[in-house]
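One structure below.
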Amino acid sequence: MLAGNNADRRRVYTPHLPAKIPSLRALLAGTADVAVALPAHFPASTDKSEAVNSHQARFSDSAQHEHLHSNITPEIMAFSDDPFPGTLSARAVDKYGPDAPYRHREVIREWVERVFLRGDHQRLLELNTTVERAEKKDGEWVLTLRREGPFRDYWWQEGFDALVVATGHYNVPWLPEIPGLLEYDERFPGRIQHSKHFRNGDRYKGKSVVVVGGSVSAHEIVHEILPFARHPVYASLRGDPIPSFGWAPFLHPHIALKKQIVRLDPATGCIHFSDGSVIPGGVDHIIFATGFTFSVPYLPHVQARIQKAYRRLPGVYQHTFDTLDPSLAFVGMLGGGFTFRVYEWQAVAVARHLAGRARALPPIAEQQAWEAQRVALKKGGKDYYSIAPDYEAYFEVLREIAGDPAPGTTGRSLPKFDPELLKIWAGMVAPKIKSFEDSTRKAEEEEARKRQVVKAKL
């Protein structure tokens, strides 16, 4: 078995790499992330090329920004026996106090590395190697692998009994189809951006910016650029913001709330909103914090399914088990919180399932019915692949499938879901909300002082 490790999906901070959408037209058409051409024979050595090695063409550039911190508390993120360190960044202490519950991206990266090093698991890793194709042939998974050297690429194939795809789904940006969007992008190259390519706020010094979206990425970007961008910073929301935060992130006096964008005018640069209002031409950037779509070009038959569905991973039971192929499973293709803990539950359930030690999955018809009911209720996108708010039920489904480790093995026992975690979850956004409120209050006080000074001069 090989965990589906696409090395081009690296999750490290990459500020040195140019960040942009390679082709907005291809992105909207669903043809942006494609499988690369393979050598005719294996093993092989090939010259490097833009199609194979470009971080932009392969969507391998990082989605992390300079000041990225977790939104989830350590108690919820940690594996059942791998607690997070108490290390706090100076920025976290400044914004949330000495009991800040959020961890900087580097702390999280170091935690992931320690999980492997502690058990000497690095021996099982094949780094700097990309799975370029995974196909089932005569009952065996044949993987085409590519190791990137300093000057050339080296290719070979290996066979495996089972495949676990754990490459995540925060690679390929998703943008809504807005009339005039493509023409606007062609007329004003570089103006349309995605939150994946946001790196830090000072790049927007003196710029006029519109941020599209009402979720966490939109919050973060708006407040990262507020100290630098031209005021007001426009926040465009299709509807209400996510309930856990409410409107607190958007009430700052230097934020101008706008409705959904309904048209972009490439002739004038104007931005039209659903309430009939217009921002005149001259905006420097429109940042779409609108999420990602699924893409696994190295797995052709699954990619074909994805392209026929709306922003979800079809043909998969409980976001984890391939319905028709018991030798294929997925880890991390969900959302809604409890990262990384839910991945631990998935991994244990998948490992036991593939080892033949798990409880049997429901009949195929029942698995397909689960998916059909979810599609009817949730359609696609975040609503479909989010496990919120039914966290306990989802964890317990995976625990039930995993069962207990077999006698004499070193398998991990999954504890029963602790309801106390839901209380932690309910309160973990409070420090962020307070930070937003404090920032709003300080800005309002500063604006009041300015008005008083002007009034005194008059």
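Ordering of the structure tokens sets the chain letters (A, B, ...); residue numbers start at 1 within each chain; ligands are numbered from 1 in the order shown.
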Counting only C-alpha atoms, what are the residues of segment 363-414 of chain A within 10 Å of segment 300-323 of chain A, and for each of them which pair of atoms is the nearest and at what distance in Å, to one decimal? Sort the table by chain and rising number, as a tab-separated table.
residue	atom	partner	partner_atom	distance
A:Pro363	CA	A:Thr323	CA	9.2
A:Ile364	CA	A:Thr323	CA	6.3
A:Ala365	CA	A:Thr323	CA	9.0
A:Glu366	CA	A:Tyr317	CA	9.3
A:Gln367	CA	A:Tyr317	CA	5.6
A:Gln368	CA	A:Thr323	CA	7.2
A:Ala369	CA	A:Tyr317	CA	9.4
A:Trp370	CA	A:Tyr317	CA	7.2
A:Glu371	CA	A:Tyr317	CA	6.7
A:Ala372	CA	A:Pro314	CA	9.7
A:Val375	CA	A:Pro314	CA	9.4
A:Lys379	CA	A:Tyr310	CA	7.5
A:Gly380	CA	A:Tyr310	CA	5.3
A:Gly381	CA	A:Arg311	CA	4.7
A:Lys382	CA	A:Arg311	CA	8.1
A:Asp383	CA	A:Arg312	CA	9.6
A:Tyr384	CA	A:Arg312	CA	7.0
A:Tyr385	CA	A:Arg312	CA	6.7
A:Ser386	CA	A:His319	CA	9.4
A:Ile387	CA	A:His319	CA	9.3
A:Tyr394	CA	A:Gln318	CA	8.1
A:Val397	CA	A:Gln318	CA	8.5
A:Leu398	CA	A:Gln318	CA	8.5
Keeping only N, CA and C atoms, write those residues as a PDB file, in the first residue's frame.
ATOM      1  N   PRO A 363     -23.790  -2.583   2.576  1.00  0.00           N
ATOM      2  CA  PRO A 363     -23.877  -2.990   1.166  1.00  0.00           C
ATOM      3  C   PRO A 363     -23.732  -1.784   0.239  1.00  0.00           C
ATOM      4  N   ILE A 364     -23.267  -2.033  -0.979  1.00  0.00           N
ATOM      5  CA  ILE A 364     -23.022  -0.951  -1.928  1.00  0.00           C
ATOM      6  C   ILE A 364     -24.263  -0.086  -2.121  1.00  0.00           C
ATOM      7  N   ALA A 365     -25.410  -0.714  -2.217  1.00  0.00           N
ATOM      8  CA  ALA A 365     -26.647   0.046  -2.428  1.00  0.00           C
ATOM      9  C   ALA A 365     -26.892   1.028  -1.286  1.00  0.00           C
ATOM     10  N   GLU A 366     -26.566   0.607  -0.067  1.00  0.00           N
ATOM     11  CA  GLU A 366     -26.748   1.481   1.088  1.00  0.00           C
ATOM     12  C   GLU A 366     -25.741   2.631   1.075  1.00  0.00           C
ATOM     13  N   GLN A 367     -24.522   2.334   0.657  1.00  0.00           N
ATOM     14  CA  GLN A 367     -23.506   3.394   0.541  1.00  0.00           C
ATOM     15  C   GLN A 367     -23.927   4.424  -0.513  1.00  0.00           C
ATOM     16  N   GLN A 368     -24.422   3.952  -1.626  1.00  0.00           N
ATOM     17  CA  GLN A 368     -24.872   4.854  -2.690  1.00  0.00           C
ATOM     18  C   GLN A 368     -26.079   5.665  -2.253  1.00  0.00           C
ATOM     19  N   ALA A 369     -26.926   5.057  -1.447  1.00  0.00           N
ATOM     20  CA  ALA A 369     -28.089   5.785  -0.935  1.00  0.00           C
ATOM     21  C   ALA A 369     -27.646   6.911  -0.010  1.00  0.00           C
ATOM     22  N   TRP A 370     -26.599   6.653   0.798  1.00  0.00           N
ATOM     23  CA  TRP A 370     -26.057   7.710   1.674  1.00  0.00           C
ATOM     24  C   TRP A 370     -25.618   8.903   0.828  1.00  0.00           C
ATOM     25  N   GLU A 371     -24.921   8.629  -0.268  1.00  0.00           N
ATOM     26  CA  GLU A 371     -24.453   9.715  -1.127  1.00  0.00           C
ATOM     27  C   GLU A 371     -25.622  10.429  -1.798  1.00  0.00           C
ATOM     28  N   ALA A 372     -26.572   9.684  -2.309  1.00  0.00           N
ATOM     29  CA  ALA A 372     -27.712  10.288  -3.004  1.00  0.00           C
ATOM     30  C   ALA A 372     -28.507  11.199  -2.076  1.00  0.00           C
ATOM     31  N   VAL A 375     -26.504  14.397  -1.531  1.00  0.00           N
ATOM     32  CA  VAL A 375     -26.567  15.280  -2.700  1.00  0.00           C
ATOM     33  C   VAL A 375     -27.910  15.999  -2.738  1.00  0.00           C
ATOM     34  N   LYS A 379     -26.490  19.351  -2.029  1.00  0.00           N
ATOM     35  CA  LYS A 379     -26.014  19.698  -3.380  1.00  0.00           C
ATOM     36  C   LYS A 379     -24.520  19.401  -3.488  1.00  0.00           C
ATOM     37  N   GLY A 380     -23.681  20.418  -3.345  1.00  0.00           N
ATOM     38  CA  GLY A 380     -22.233  20.238  -3.458  1.00  0.00           C
ATOM     39  C   GLY A 380     -21.518  21.330  -2.705  1.00  0.00           C
ATOM     40  N   GLY A 381     -20.208  21.434  -2.909  1.00  0.00           N
ATOM     41  CA  GLY A 381     -19.438  22.449  -2.223  1.00  0.00           C
ATOM     42  C   GLY A 381     -19.283  22.150  -0.743  1.00  0.00           C
ATOM     43  N   LYS A 382     -19.032  23.213   0.032  1.00  0.00           N
ATOM     44  CA  LYS A 382     -18.746  23.042   1.454  1.00  0.00           C
ATOM     45  C   LYS A 382     -19.853  22.316   2.197  1.00  0.00           C
ATOM     46  N   ASP A 383     -21.094  22.605   1.843  1.00  0.00           N
ATOM     47  CA  ASP A 383     -22.211  21.969   2.544  1.00  0.00           C
ATOM     48  C   ASP A 383     -22.142  20.452   2.421  1.00  0.00           C
ATOM     49  N   TYR A 384     -21.713  19.983   1.258  1.00  0.00           N
ATOM     50  CA  TYR A 384     -21.676  18.537   1.032  1.00  0.00           C
ATOM     51  C   TYR A 384     -20.555  17.875   1.825  1.00  0.00           C
ATOM     52  N   TYR A 385     -19.343  18.423   1.719  1.00  0.00           N
ATOM     53  CA  TYR A 385     -18.209  17.718   2.316  1.00  0.00           C
ATOM     54  C   TYR A 385     -17.894  18.155   3.747  1.00  0.00           C
ATOM     55  N   SER A 386     -18.726  19.021   4.319  1.00  0.00           N
ATOM     56  CA  SER A 386     -18.521  19.416   5.711  1.00  0.00           C
ATOM     57  C   SER A 386     -19.165  18.404   6.650  1.00  0.00           C
ATOM     58  N   ILE A 387     -18.457  18.071   7.701  1.00  0.00           N
ATOM     59  CA  ILE A 387     -19.017  17.153   8.699  1.00  0.00           C
ATOM     60  C   ILE A 387     -19.763  17.923   9.798  1.00  0.00           C
ATOM     61  N   TYR A 394     -20.367  11.635  13.084  1.00  0.00           N
ATOM     62  CA  TYR A 394     -19.392  11.236  12.064  1.00  0.00           C
ATOM     63  C   TYR A 394     -18.217  10.487  12.692  1.00  0.00           C
ATOM     64  N   VAL A 397     -19.266   6.973  13.538  1.00  0.00           N
ATOM     65  CA  VAL A 397     -19.366   6.089  12.372  1.00  0.00           C
ATOM     66  C   VAL A 397     -17.991   5.502  12.053  1.00  0.00           C
ATOM     67  N   LEU A 398     -16.958   6.351  12.020  1.00  0.00           N
ATOM     68  CA  LEU A 398     -15.603   5.873  11.726  1.00  0.00           C
ATOM     69  C   LEU A 398     -15.098   4.939  12.824  1.00  0.00           C
TER      70      LEU A 398
END
Can you list, as an MDAnalysis selection string, all residues belonging to segment 158-382 of chain A that DSSP tags as helix (DSSP H, G or I)? chainID A and resid 181:187 195:197 201:204 216:225 248:250 300:306 341:355 364:378 382
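Distance annotation: of A:Ile21, A:Ala349, A:Ala256, A:Ala78, the residue with the minimal separation from Ile192 of chain A is A:Ile21; atom set is only C-alpha atoms.
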What does the distance between atom CA of Ile279 of chain A and atom CA of Arg199 of chain A come to in Å, to one decimal place?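 Between atom CA of Ile279 of chain A and atom CA of Arg199 of chain A the gap is 25.1 Å.
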Each residue of segment 2-104 of chain A lying at most 7 Å from segment 168-182 of chain A should get a row with its shortest atom-to-atom pair and the distance in Å to one decimal, counting only C-alpha atoms; could you produce that, ordered by chain and increasing number, as a Markdown table?
| residue | atom | partner | partner_atom | distance |
| --- | --- | --- | --- | --- |
| A:Leu24 | CA | A:Leu182 | CA | 7.0 |
| A:Arg25 | CA | A:Leu182 | CA | 6.5 |
| A:Phe59 | CA | A:Asn171 | CA | 5.9 |
| A:Ser60 | CA | A:Asn171 | CA | 6.9 |
Store the residues of this selection in a file with C-alpha atoms, as an mmCIF file, in the first residue's frame.
data_model
loop_
_atom_site.group_PDB
_atom_site.id
_atom_site.type_symbol
_atom_site.label_atom_id
_atom_site.label_comp_id
_atom_site.auth_asym_id
_atom_site.auth_seq_id
_atom_site.Cartn_x
_atom_site.Cartn_y
_atom_site.Cartn_z
ATOM 1 C CA LEU A 24 -8.620 31.772 -15.381
ATOM 2 C CA ARG A 25 -10.349 30.517 -18.526
ATOM 3 C CA PHE A 59 -1.153 24.049 -8.663
ATOM 4 C CA SER A 60 1.564 23.031 -6.200
#
Contacts of segment 90-92 of chain A at 9 Å or less, counting only C-alpha atoms, minus same-chain residues fewer than 4 places along, as number ranges by chain? A: 67, 69, 96-98, 100-104
Which is closer to Ser62 of chain A than all the others in A:Arg357, A:His197, A:Lys48, A:Arg191, using only C-alpha atoms? A:His197
Shell around segment 217-232 of chain A at 8 Å using only C-alpha atoms, local window under 5 positions removed, as a list in words: Ser195, Phe198, Asn200, Gly201, Asp202, Tyr204, Lys205, Gly206, Lys207, Ser208, Val209, Val211, Val212, Pro249, Phe250, His254, Ile255, Ala256 and Ala289 of chain A
Can you list, as a ChimeraX atom specification, every residue of segment 189-379 of chain A that DSSP puts in strand (DSSP E)? /A:192-194,209-212,233-236,255-258,261-264,271-273,278-279,285-288,292-293,316-317,321-322,328-330
Between atom CA of Ser54 of chain A and atom CA of Phe288 of chain A, measure the distance and give it in Å to one decimal.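 For atom CA of Ser54 of chain A relative to atom CA of Phe288 of chain A, the distance reads 22.8 Å.
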Give me the residues near Gln260 of chain A as a ChimeraX atom specification, where near means some atom within 12 Å (using only C-alpha atoms) and where sequence neighbours in that chain fewer than 4 positions away do not count. /A:176-178,210-214,234-240,264,271-278,288
Output of the above residues as a short mmCIF file (atom, residue, chain, number, x, y, z; two decimals), in the first residue's frame, restricted to C-alpha atoms:
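File again_32.cif, as written:
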data_model
loop_
_atom_site.label_atom_id
_atom_site.label_comp_id
_atom_site.auth_asym_id
_atom_site.auth_seq_id
_atom_site.Cartn_x
_atom_site.Cartn_y
_atom_site.Cartn_z
CA PRO A 176 -17.92 31.76 -9.22
CA GLU A 177 -18.87 32.33 -12.83
CA ILE A 178 -19.68 36.03 -13.06
CA VAL A 210 -12.40 44.14 -2.96
CA VAL A 211 -12.46 40.86 -1.00
CA VAL A 212 -15.14 38.39 -2.08
CA GLY A 213 -16.40 35.85 0.46
CA GLY A 214 -17.88 35.56 3.94
CA TYR A 234 -14.73 46.43 0.20
CA ALA A 235 -16.14 43.12 1.45
CA SER A 236 -18.54 41.44 -0.99
CA LEU A 237 -20.80 38.75 0.46
CA ARG A 238 -23.29 36.59 -1.41
CA GLY A 239 -25.44 36.18 1.70
CA ASP A 240 -24.87 36.10 5.42
CA LEU A 264 -17.75 42.96 -14.09
CA ILE A 271 -17.95 46.32 -10.47
CA HIS A 272 -21.72 45.83 -10.29
CA PHE A 273 -23.51 44.37 -7.27
CA SER A 274 -26.88 42.68 -6.79
CA ASP A 275 -28.35 45.69 -4.98
CA GLY A 276 -27.66 47.90 -7.99
CA SER A 277 -24.64 49.65 -6.48
CA VAL A 278 -21.44 50.08 -8.45
CA PHE A 288 -11.80 35.86 -4.33
#
Name the closest residue to Gly86 of chain A among the candidates A:Gly149, A:Glu66, A:Ile108, A:Gln157; distances are taken between atoms, counting only C-alpha atoms.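 Checking each of A:Gly149, A:Glu66, A:Ile108, A:Gln157 against Gly86 of chain A, counting only C-alpha atoms, the winner is A:Ile108.
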Which residues come within 8 Å of Ala134 of chain A, counting only C-alpha atoms, excluding same-chain residues fewer than 5 positions away, as a PyMOL selection string? chain A and resi 141-144+298-300
Just the selected residues (N, CA and C atoms), exported as a PDB file, in the first residue's frame, please.
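Once written, result.pdb looks like this:
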ATOM      1  N   TRP A 141      -2.872  -1.997  -8.237  1.00  0.00           N
ATOM      2  CA  TRP A 141      -2.683  -0.575  -8.496  1.00  0.00           C
ATOM      3  C   TRP A 141      -1.277  -0.345  -9.035  1.00  0.00           C
ATOM      4  N   VAL A 142      -1.212   0.142 -10.272  1.00  0.00           N
ATOM      5  CA  VAL A 142       0.074   0.469 -10.890  1.00  0.00           C
ATOM      6  C   VAL A 142       0.268   1.974 -10.783  1.00  0.00           C
ATOM      7  N   LEU A 143       1.291   2.360 -10.043  1.00  0.00           N
ATOM      8  CA  LEU A 143       1.563   3.780  -9.838  1.00  0.00           C
ATOM      9  C   LEU A 143       2.765   4.210 -10.664  1.00  0.00           C
ATOM     10  N   THR A 144       2.583   5.279 -11.413  1.00  0.00           N
ATOM     11  CA  THR A 144       3.685   5.896 -12.147  1.00  0.00           C
ATOM     12  C   THR A 144       4.250   7.000 -11.270  1.00  0.00           C
ATOM     13  N   TYR A 298      -4.119  12.616 -11.312  1.00  0.00           N
ATOM     14  CA  TYR A 298      -3.317  11.393 -11.341  1.00  0.00           C
ATOM     15  C   TYR A 298      -4.175  10.137 -11.186  1.00  0.00           C
ATOM     16  N   LEU A 299      -5.461  10.321 -10.899  1.00  0.00           N
ATOM     17  CA  LEU A 299      -6.391   9.206 -10.708  1.00  0.00           C
ATOM     18  C   LEU A 299      -7.522   9.372 -11.720  1.00  0.00           C
ATOM     19  N   PRO A 300      -7.305   8.974 -12.979  1.00  0.00           N
ATOM     20  CA  PRO A 300      -8.194   9.369 -14.085  1.00  0.00           C
ATOM     21  C   PRO A 300      -9.664   9.036 -13.886  1.00  0.00           C
TER      22      PRO A 300
END
Can you pull out every residue within 12 Å of Asn53 of chain A, counting only C-alpha atoms, but drop anything in the same chain fewer than 2 positions away, and send it as JSON, numbers by chain? {"A": [7, 8, 36, 46, 47, 48, 49, 50, 51, 55, 56, 57, 58, 59, 60, 61, 128, 129, 130, 132, 146, 147, 148, 149, 150, 151, 152, 153]}
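Here atom CA of Leu414 of chain A is placed at a distance of 19.9 Å from atom CA of Ala166 of chain A.
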In terms of the shortest atom-to-atom distance over only C-alpha atoms, which of A:Arg399, A:Arg109, A:His194, A:Lys432 is closest to Leu27 of chain A?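 For Leu27 of chain A, the nearest of the given residues is A:His194.
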